[in-house]
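Listing of structure.tsv, TSV, C-alpha atoms
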chain	number	residue	atom	x	y	z
A	1	MET	CA	0.00	0.00	0.00
A	2	PHE	CA	2.74	2.49	0.96
A	3	GLU	CA	4.22	2.35	-2.52
A	4	ARG	CA	1.14	4.24	-3.70
A	5	PHE	CA	1.67	7.06	-1.23
A	6	THR	CA	2.65	10.44	-2.63
A	7	GLU	CA	5.78	12.09	-1.29
A	8	LYS	CA	3.74	14.34	1.00
A	9	ALA	CA	1.69	11.41	2.27
A	10	ARG	CA	4.90	9.52	3.10
A	11	THR	CA	6.19	12.56	4.92
A	12	VAL	CA	3.01	12.61	6.98
A	13	VAL	CA	3.60	8.99	8.04
A	14	VAL	CA	7.21	9.72	8.96
A	15	LEU	CA	6.24	12.82	10.96
A	16	ALA	CA	3.44	10.93	12.73
A	17	GLN	CA	5.99	8.36	13.82
A	18	GLN	CA	8.39	11.06	15.02
A	19	ASP	CA	5.55	12.74	16.93
A	20	ALA	CA	4.61	9.46	18.61
A	21	ARG	CA	8.22	8.82	19.58
A	22	GLN	CA	8.76	12.32	20.95
A	23	ARG	CA	5.63	11.99	23.05
A	24	GLY	CA	6.78	8.60	24.31
A	25	ASP	CA	3.68	6.90	22.93
A	26	SER	CA	3.89	3.20	22.19
A	27	ALA	CA	1.83	3.34	19.01
A	28	ILE	CA	0.97	5.78	16.23
A	29	ASP	CA	-2.69	6.68	16.58
A	30	THR	CA	-4.84	8.76	14.26
A	31	GLY	CA	-4.16	11.83	16.43
A	32	HIS	CA	-0.46	11.64	15.54
A	33	VAL	CA	-1.37	11.33	11.86
A	34	LEU	CA	-3.74	14.30	12.04
A	35	ARG	CA	-1.08	16.45	13.70
A	36	ALA	CA	1.41	15.36	11.06
A	37	LEU	CA	-1.00	16.37	8.27
A	38	PHE	CA	-0.79	19.95	9.49
A	39	ALA	CA	3.00	19.75	9.70
A	40	VAL	CA	3.39	19.23	5.95
A	41	PRO	CA	2.99	22.62	4.30
A	42	ASP	CA	0.67	23.30	1.42
A	43	ASN	CA	-1.18	20.00	1.19
A	44	LEU	CA	-4.68	19.19	0.04
A	45	ALA	CA	-5.84	17.79	3.39
A	46	ILE	CA	-5.26	21.18	5.01
A	47	MET	CA	-7.16	22.88	2.18
A	48	VAL	CA	-10.09	20.51	2.66
A	49	LEU	CA	-10.12	21.27	6.38
A	50	GLU	CA	-10.04	25.00	5.58
A	51	GLY	CA	-13.25	24.35	3.68
A	52	PHE	CA	-14.77	23.37	7.03
A	53	SER	CA	-13.04	26.28	8.81
A	54	VAL	CA	-11.01	23.75	10.80
A	55	ARG	CA	-7.61	25.20	11.65
A	56	GLN	CA	-4.45	23.69	13.05
A	57	ALA	CA	-4.75	25.50	16.39
A	58	ASP	CA	-8.30	24.12	16.90
A	59	VAL	CA	-7.21	20.57	16.17
A	60	GLU	CA	-4.12	20.84	18.39
A	61	ALA	CA	-6.28	22.08	21.24
A	62	ASP	CA	-8.88	19.34	20.74
A	63	LEU	CA	-6.20	16.62	20.63
A	64	ALA	CA	-4.45	18.01	23.71
A	65	ALA	CA	-7.74	17.99	25.61
A	66	ARG	CA	-8.20	14.25	25.00
A	67	PRO	CA	-7.03	11.75	27.58
A	68	GLU	CA	-4.16	9.45	26.74
A	69	THR	CA	-5.34	6.76	24.35
A	70	ALA	CA	-2.25	4.62	23.96
A	71	PRO	CA	-3.25	0.96	24.31
A	72	ASP	CA	-0.66	0.22	26.96
A	73	GLY	CA	-0.03	3.78	28.00
A	74	SER	CA	1.41	4.28	31.43
A	75	ALA	CA	-1.61	6.35	32.49
A	76	ALA	CA	-3.86	3.32	32.01
A	77	ASP	CA	-1.30	1.11	33.74
A	78	ALA	CA	-1.10	3.52	36.67
A	79	ASP	CA	-4.86	3.25	37.17
A	80	ALA	CA	-4.79	-0.54	36.84
A	81	LEU	CA	-1.96	-0.86	39.35
A	82	ALA	CA	-3.71	1.51	41.74
A	83	ALA	CA	-6.43	-1.14	41.93
A	84	LEU	CA	-3.80	-3.41	43.50
A	85	GLY	CA	-2.62	-0.68	45.85
A	86	ILE	CA	0.53	-0.11	43.81
A	87	ASP	CA	1.47	3.50	43.17
A	88	LEU	CA	3.26	3.45	39.82
A	89	ASP	CA	4.47	7.01	40.30
A	90	GLU	CA	6.08	5.99	43.59
A	91	VAL	CA	7.68	2.91	41.98
A	92	ARG	CA	9.00	5.10	39.18
A	93	ARG	CA	10.28	7.68	41.68
A	94	ARG	CA	12.25	5.07	43.65
A	95	VAL	CA	13.66	3.40	40.53
A	96	GLU	CA	14.75	6.75	39.16
A	97	GLU	CA	16.33	7.59	42.49
A	98	ALA	CA	18.61	4.57	42.07
A	99	PHE	CA	19.03	4.41	38.30
A	100	GLY	CA	18.39	7.93	37.05
A	101	PRO	CA	15.55	9.63	35.20
A	102	GLY	CA	13.58	7.53	32.72
A	103	ALA	CA	15.09	4.25	33.93
A	104	LEU	CA	11.69	2.55	33.95
A	105	ASP	CA	10.60	4.13	30.67
A	106	ARG	CA	13.38	2.79	28.55
A	107	PRO	CA	12.84	-0.91	28.24
A	108	ARG	CA	15.28	-2.34	25.73
A	109	SER	CA	13.71	-5.74	25.20
A	110	PRO	CA	13.13	-6.89	21.61
A	111	LYS	CA	9.38	-7.03	22.24
A	112	ARG	CA	9.45	-3.28	22.73
A	113	ARG	CA	11.68	-2.50	19.80
A	114	TRP	CA	9.68	0.64	18.96
A	115	ILE	CA	11.72	2.47	21.60
A	116	GLY	CA	14.06	4.47	19.43
A	117	GLY	CA	13.09	2.46	16.39
A	118	HIS	CA	9.96	1.49	14.56
A	119	ILE	CA	6.68	2.40	16.29
A	120	PRO	CA	3.68	0.31	15.26
A	121	PHE	CA	0.39	1.77	14.09
A	122	ALA	CA	-2.51	1.55	16.49
A	123	LYS	CA	-5.49	-0.45	15.21
A	124	GLU	CA	-7.55	2.62	14.28
A	125	ALA	CA	-4.63	4.27	12.50
A	126	LYS	CA	-3.96	1.15	10.45
A	127	LYS	CA	-7.63	0.97	9.56
A	128	ALA	CA	-7.69	4.66	8.59
A	129	LEU	CA	-4.75	4.12	6.23
A	130	GLU	CA	-6.54	1.18	4.66
A	131	LEU	CA	-9.61	3.35	4.25
A	132	SER	CA	-7.45	6.04	2.59
A	133	LEU	CA	-6.59	3.47	-0.06
A	134	ARG	CA	-10.28	2.70	-0.45
A	135	GLU	CA	-11.06	6.42	-0.79
A	136	ALA	CA	-8.40	6.73	-3.49
A	137	LEU	CA	-9.76	3.73	-5.40
A	138	ARG	CA	-13.27	5.14	-5.07
A	139	MET	CA	-12.12	8.28	-6.89
A	140	ARG	CA	-10.22	6.16	-9.42
A	141	HIS	CA	-6.90	7.60	-8.28
A	142	ASN	CA	-3.82	5.42	-8.57
A	143	TYR	CA	-2.05	7.20	-5.71
A	144	ILE	CA	-2.77	7.94	-2.05
A	145	GLY	CA	-2.34	11.59	-1.13
A	146	THR	CA	-2.87	13.56	2.04
A	147	GLU	CA	-6.45	14.21	0.91
A	148	HIS	CA	-7.17	10.47	0.89
A	149	MET	CA	-5.52	10.09	4.29
A	150	LEU	CA	-7.83	12.75	5.67
A	151	LEU	CA	-10.88	11.06	4.14
A	152	GLY	CA	-9.72	7.74	5.58
A	153	MET	CA	-9.53	9.21	9.05
A	154	VAL	CA	-12.96	10.85	8.77
A	155	HIS	CA	-14.33	7.57	7.42
A	156	GLY	CA	-12.72	5.45	10.11
A	157	GLU	CA	-12.72	5.45	13.89
A	158	GLY	CA	-10.35	6.89	16.43
A	159	ILE	CA	-9.37	10.19	17.96
A	160	ALA	CA	-8.95	12.03	14.64
A	161	HIS	CA	-12.41	10.94	13.52
A	162	ASP	CA	-13.90	12.14	16.80
A	163	VAL	CA	-12.13	15.50	16.71
A	164	LEU	CA	-12.92	16.17	13.05
A	165	VAL	CA	-16.56	15.14	13.23
A	166	ALA	CA	-17.01	17.26	16.36
A	167	ARG	CA	-15.63	20.17	14.30
A	168	GLY	CA	-18.31	19.58	11.66
A	169	VAL	CA	-16.30	17.66	9.06
A	170	GLN	CA	-18.61	15.39	7.06
A	171	LEU	CA	-17.31	12.59	4.87
A	172	ASP	CA	-19.61	13.23	1.90
A	173	VAL	CA	-18.91	16.96	1.87
A	174	ALA	CA	-15.18	16.35	2.30
A	175	ARG	CA	-15.16	14.04	-0.73
A	176	VAL	CA	-16.85	16.71	-2.84
A	177	ILE	CA	-14.33	19.33	-1.70
A	178	VAL	CA	-11.45	17.00	-2.58
A	179	GLU	CA	-12.80	16.48	-6.09
A	180	GLU	CA	-13.37	20.20	-6.58
A	181	LEU	CA	-9.86	21.03	-5.39
A	182	LEU	CA	-8.32	18.39	-7.61
A	183	ARG	CA	-9.88	19.95	-10.70
A	184	GLY	CA	-7.65	22.95	-10.23
A	185	ARG	CA	-4.61	21.45	-8.63
A	186	ARG	CA	-2.24	18.54	-8.63
A	187	ALA	CA	-2.52	15.89	-5.96
A	188	GLY	CA	-0.89	16.48	-2.63
B	189	MET	CA	-3.05	7.67	42.82
B	190	SER	CA	-5.75	9.61	44.57
B	191	GLU	CA	-7.81	8.10	47.35
B	192	ALA	CA	-10.87	8.47	45.19
B	193	THR	CA	-9.29	6.26	42.55
B	194	ASP	CA	-8.33	3.64	45.14
B	195	VAL	CA	-11.84	3.55	46.56
B	196	ALA	CA	-13.41	3.36	43.12
B	197	ALA	CA	-11.02	0.56	42.16
B	198	ALA	CA	-11.58	-1.37	45.36
B	199	ALA	CA	-15.32	-1.10	44.95
B	200	SER	CA	-15.15	-2.77	41.56
B	201	SER	CA	-12.41	-5.29	42.31
B	202	ARG	CA	-14.62	-8.21	41.30
B	203	ASP	CA	-14.87	-6.68	37.86
B	204	PRO	CA	-12.73	-8.90	35.60
B	205	ALA	CA	-11.86	-5.91	33.39
B	206	VAL	CA	-10.27	-4.14	36.35
B	207	GLY	CA	-8.60	-7.25	37.72
B	208	LEU	CA	-7.17	-8.45	34.42
B	209	ALA	CA	-5.96	-4.97	33.44
B	210	ALA	CA	-4.19	-4.80	36.79
B	211	VAL	CA	-2.49	-8.15	36.16
B	212	ALA	CA	-1.39	-7.05	32.69
B	213	ALA	CA	-0.05	-3.76	34.04
B	214	LEU	CA	1.75	-5.59	36.81
B	215	ARG	CA	3.34	-7.92	34.28
B	216	ARG	CA	4.55	-4.97	32.20
B	217	LEU	CA	5.97	-3.34	35.30
B	218	ALA	CA	7.69	-6.59	36.31
B	219	GLU	CA	9.17	-6.97	32.81
B	220	SER	CA	10.54	-3.43	32.87
B	221	LEU	CA	12.03	-3.91	36.32
B	222	GLU	CA	13.51	-7.29	35.42
B	223	GLU	CA	15.22	-5.87	32.38
B	224	LEU	CA	16.57	-2.95	34.36
B	225	GLN	CA	17.87	-5.21	37.11
B	226	VAL	CA	19.38	-7.78	34.75
B	227	ALA	CA	21.24	-5.01	32.93
B	228	ASN	CA	22.38	-3.62	36.27
B	229	ALA	CA	23.56	-7.03	37.47
B	230	ARG	CA	25.53	-7.64	34.28
B	231	ALA	CA	27.06	-4.17	34.52
B	232	GLN	CA	28.19	-5.09	38.03
B	233	GLY	CA	29.82	-8.26	36.79
B	234	TRP	CA	27.23	-10.85	37.79
B	235	SER	CA	27.27	-14.08	35.80
B	236	TRP	CA	24.18	-15.28	33.95
B	237	GLN	CA	24.05	-18.16	36.42
B	238	GLN	CA	23.96	-15.83	39.41
B	239	ILE	CA	21.20	-13.75	37.82
B	240	ALA	CA	19.23	-16.88	36.92
B	241	ASP	CA	19.51	-18.19	40.48
B	242	SER	CA	18.23	-14.91	41.90
B	243	LEU	CA	15.33	-14.85	39.45
B	244	ALA	CA	14.59	-18.55	40.10
B	245	VAL	CA	14.77	-19.39	36.40
B	246	SER	CA	17.24	-21.38	34.30
B	247	ARG	CA	20.46	-19.81	33.09
B	248	GLN	CA	19.43	-20.61	29.51
B	249	ALA	CA	16.12	-18.81	29.94
B	250	VAL	CA	17.59	-15.59	31.25
B	251	HIS	CA	20.46	-15.64	28.76
B	252	LYS	CA	18.18	-16.23	25.82
B	253	LYS	CA	15.87	-13.45	26.91
B	254	TYR	CA	18.48	-10.79	27.52
B	255	ARG	CA	21.65	-11.64	25.60
B	256	ARG	CA	20.69	-9.34	22.72
B	257	ILE	CA	20.08	-6.29	24.88
B	258	VAL	CA	22.52	-6.84	27.72
B	259	SER	CA	26.15	-7.62	27.11
Turn this file's structure into structure tokens for me.
Amino acid sequence: MFERFTEKARTVVVLAQQDARQRGDSAIDTGHVLRALFAVPDNLAIMVLEGFSVRQADVEADLAARPETAPDGSAADADALAALGIDLDEVRRRVEEAFGPGALDRPRSPKRRWIGGHIPFAKEAKKALELSLREALRMRHNYIGTEHMLLGMVHGEGIAHDVLVARGVQLDVARVIVEELLRGRRAG
Amino acid sequence: MSEATDVAAAASSRDPAVGLAAVAALRRLAESLEELQVANARAQGWSWQQIADSLAVSRQAVHKKYRRIVS
């Protein structure tokens, strides 16, 4: 599938991965992809969102207001361990006292090879990318651009879908905007 | 964790979702700690056999699990 991605679409995927890594998240979710869409200048996805008056600052604020959604995020683990009377923050504090900051956060086992390396896509993000392919095929396009990625996220589930729909983005309308934009512009 | 969280968790402790999530989180925590401690032990010159004895597992098991990430 990735071989069909345009250069900008590939950049979005790379930036989403960087964003996930910088935030210490264990998977790339649709929120990372949505943020990354805005980080690539002059792309069709941003133009489509402008059609809905959705701006980068709004999306950033909406995403920041959402609770942590990582499947095995430490916030979820902290709550789960609290049920056993274990204070994860306290465990982390003591470990860091002995081994230095981040000692507990840097597991180096092969099972967690995304630390510093490849970070896997979360289920919703993978699905959204698959749907972007479907959106491209639907429009008889032989490439996947940022516009298809956006449609895939609106079509699919996950944090990006929730944020965009709450901002009034509708799939049908977005498709029409994409087709109108493409009449006057090359794919992005 | 806040007291409110503890109380809420205790109140629903027969909920399998809470209990199983706690076990999974505990396992992840144990894995992280084990890795940290194995690396520390190796750095301090412990043999794989000594580490295995302390962890109550076989030398082969601990070596196989950590040889790629701990020298």
Contact residues around Leu44 of chain A with only C-alpha atoms at 8 Å, ignoring same-chain residues under 2 positions, as a short mmCIF file (atom, residue, chain, number, x, y, z; two decimals) with C-alpha atoms, in the frame of the given file:
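Contents of result_29.cif, freshly written:
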data_model
loop_
_atom_site.label_atom_id
_atom_site.label_comp_id
_atom_site.auth_asym_id
_atom_site.auth_seq_id
_atom_site.Cartn_x
_atom_site.Cartn_y
_atom_site.Cartn_z
CA ASP A 42 0.67 23.30 1.42
CA ILE A 46 -5.26 21.18 5.01
CA MET A 47 -7.16 22.88 2.18
CA VAL A 48 -10.09 20.51 2.66
CA THR A 146 -2.87 13.56 2.04
CA GLU A 147 -6.45 14.21 0.91
CA VAL A 178 -11.45 17.00 -2.58
CA LEU A 181 -9.86 21.03 -5.39
CA ALA A 187 -2.52 15.89 -5.96
CA GLY A 188 -0.89 16.48 -2.63
#
Pick from A:Gln17, A:Val165, A:Asp79, A:Ala45, whichever lies nearest to Ser132 of chain A using only C-alpha atoms =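 Nearest candidate to Ser132 of chain A out of A:Gln17, A:Val165, A:Asp79, A:Ala45: A:Ala45.
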Residue nearest chain A among B:Ala231, B:Leu243, B:Val250, B:Ile257 (counting only C-alpha atoms) = B:Ile257
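Straight-line separation from atom CA of Ala98 of chain A to atom CA of Trp234 of chain B: 18.2 Å.
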Neighbour residues at most 12 Å from (19.5, -4.5, 31.4) (all atoms listed in the file) as a count of residues only = 33
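Between atom CA of Val12 of chain A and atom CA of Asp29 of chain A there is a distance of 12.6 Å.
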Pull out every residue of chain A sitting within 6 Å of chain B, counting all atoms listed in the file, and send them as a PyMOL selection string.
-> chain A and resi 77+80-81+83+107
With C-alpha atoms retained, export the selected residues as a short mmCIF file (atom, residue, chain, number, x, y, z; two decimals), in the frame of the given file.
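That gives us again-v1.cif:
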data_model
loop_
_atom_site.label_atom_id
_atom_site.label_comp_id
_atom_site.auth_asym_id
_atom_site.auth_seq_id
_atom_site.Cartn_x
_atom_site.Cartn_y
_atom_site.Cartn_z
CA ASP A 77 -1.30 1.11 33.74
CA ALA A 80 -4.79 -0.54 36.84
CA LEU A 81 -1.96 -0.86 39.35
CA ALA A 83 -6.43 -1.14 41.93
CA PRO A 107 12.84 -0.91 28.24
#
Point out the residue among A:Ala39, A:Val14, A:Ala27, A:Leu63 with the least atom-to-atom distance to Ala160 of chain A, counting only C-alpha atoms.
-> A:Leu63
Find the residues near Ser246 of chain B: any atom within 8 Å, counting all atoms listed in the file, skip ones fewer than 5 places away on the same chain, and give them as a list in words.
->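 Answer for this query is Gln237, Ala240 and Asp241 of chain B.
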Polymer residues at most 10 Å from (-15.6, 23.4, -1.1) by only C-alpha atoms, as a list in words |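 Here the neighbourhood of the point contains Met47, Val48, Leu49, Glu50, Gly51, Phe52, Val173, Ala174, Arg175, Val176, Ile177, Val178, Glu179, Glu180 and Leu181 of chain A.
Reported to one decimal place, the separation of atom CA of Leu151 of chain A from atom CA of Gln170 of chain A is 9.3 Å.
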Go through A:His141, A:Phe38, A:Gln18, A:Leu88 and flag the residue nearest Val54 of chain A, using all atoms listed in the file for the distances.
->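 Closest residue, counting all atoms listed in the file: A:Phe38.
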Using only C-alpha atoms, which residue out of A:Val13, A:Val169, A:Ala78, A:Val95 lies closest to Thr30 of chain A?
->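 When distances to Thr30 of chain A are compared using only C-alpha atoms, the smallest one comes from A:Val13.
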For each of A:Ala20, A:Leu182, A:Met149, A:Ile159, take the minimum atom-to-atom distance to Ala65 of chain A, counting only C-alpha atoms, then give the residue where this is smallest.
->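 Using only C-alpha atoms, the shortest distance to Ala65 of chain A belongs to A:Ile159.
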Please provide the set of residues having any atom within 8 Å of Ala16 of chain A, restricted to all atoms listed in the file, with same-chain residues fewer than 4 positions apart removed, written as a VMD selection string.
-> chain A and resid 12 20 28 32 to 36
Could you write segment 16-42 of chain A of the block just shown to a file containing N, CA and C atoms, as a CSV table (one decimal), in the first residue's frame?
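Final output, saved to decode_20.csv:
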chain,number,residue,atom,x,y,z
A,16,ALA,N,4.3,11.5,11.7
A,16,ALA,CA,3.4,10.9,12.7
A,16,ALA,C,4.2,10.0,13.6
A,17,GLN,N,5.1,9.3,13.0
A,17,GLN,CA,6.0,8.4,13.8
A,17,GLN,C,6.9,9.2,14.7
A,18,GLN,N,7.5,10.2,14.2
A,18,GLN,CA,8.4,11.1,15.0
A,18,GLN,C,7.6,11.7,16.2
A,19,ASP,N,6.4,12.1,15.9
A,19,ASP,CA,5.6,12.7,16.9
A,19,ASP,C,5.3,11.7,18.0
A,20,ALA,N,4.9,10.5,17.6
A,20,ALA,CA,4.6,9.5,18.6
A,20,ALA,C,5.8,9.2,19.5
A,21,ARG,N,7.0,9.1,18.8
A,21,ARG,CA,8.2,8.8,19.6
A,21,ARG,C,8.5,9.9,20.6
A,22,GLN,N,8.4,11.2,20.1
A,22,GLN,CA,8.8,12.3,20.9
A,22,GLN,C,7.8,12.4,22.1
A,23,ARG,N,6.6,12.0,21.9
A,23,ARG,CA,5.6,12.0,23.1
A,23,ARG,C,5.8,10.8,23.9
A,24,GLY,N,6.6,9.8,23.5
A,24,GLY,CA,6.8,8.6,24.3
A,24,GLY,C,5.6,7.7,24.2
A,25,ASP,N,4.8,7.8,23.1
A,25,ASP,CA,3.7,6.9,22.9
A,25,ASP,C,4.1,5.6,22.3
A,26,SER,N,3.4,4.5,22.6
A,26,SER,CA,3.9,3.2,22.2
A,26,SER,C,3.3,2.8,20.8
A,27,ALA,N,2.4,3.6,20.3
A,27,ALA,CA,1.8,3.3,19.0
A,27,ALA,C,1.5,4.7,18.3
A,28,ILE,N,1.4,4.6,17.0
A,28,ILE,CA,1.0,5.8,16.2
A,28,ILE,C,-0.5,5.7,16.1
A,29,ASP,N,-1.2,6.7,16.7
A,29,ASP,CA,-2.7,6.7,16.6
A,29,ASP,C,-3.1,7.8,15.6
A,30,THR,N,-4.4,7.8,15.3
A,30,THR,CA,-4.8,8.8,14.3
A,30,THR,C,-4.6,10.2,14.7
A,31,GLY,N,-4.5,10.5,16.0
A,31,GLY,CA,-4.2,11.8,16.4
A,31,GLY,C,-2.8,12.3,16.0
A,32,HIS,N,-1.8,11.3,16.0
A,32,HIS,CA,-0.5,11.6,15.5
A,32,HIS,C,-0.5,11.9,14.0
A,33,VAL,N,-1.3,11.1,13.3
A,33,VAL,CA,-1.4,11.3,11.9
A,33,VAL,C,-2.0,12.7,11.5
A,34,LEU,N,-3.1,13.0,12.3
A,34,LEU,CA,-3.7,14.3,12.0
A,34,LEU,C,-2.8,15.5,12.3
A,35,ARG,N,-2.1,15.4,13.4
A,35,ARG,CA,-1.1,16.5,13.7
A,35,ARG,C,-0.1,16.6,12.6
A,36,ALA,N,0.4,15.4,12.1
A,36,ALA,CA,1.4,15.4,11.1
A,36,ALA,C,0.9,16.0,9.8
A,37,LEU,N,-0.4,15.8,9.5
A,37,LEU,CA,-1.0,16.4,8.3
A,37,LEU,C,-0.8,17.9,8.3
A,38,PHE,N,-1.0,18.5,9.4
A,38,PHE,CA,-0.8,19.9,9.5
A,38,PHE,C,0.7,20.4,9.4
A,39,ALA,N,1.6,19.4,9.7
A,39,ALA,CA,3.0,19.8,9.7
A,39,ALA,C,3.6,19.8,8.3
A,40,VAL,N,2.9,19.2,7.3
A,40,VAL,CA,3.4,19.2,6.0
A,40,VAL,C,2.8,20.4,5.2
A,41,PRO,N,3.6,21.4,4.9
A,41,PRO,CA,3.0,22.6,4.3
A,41,PRO,C,2.3,22.4,3.0
A,42,ASP,N,1.3,23.2,2.7
A,42,ASP,CA,0.7,23.3,1.4
A,42,ASP,C,0.2,21.9,0.9
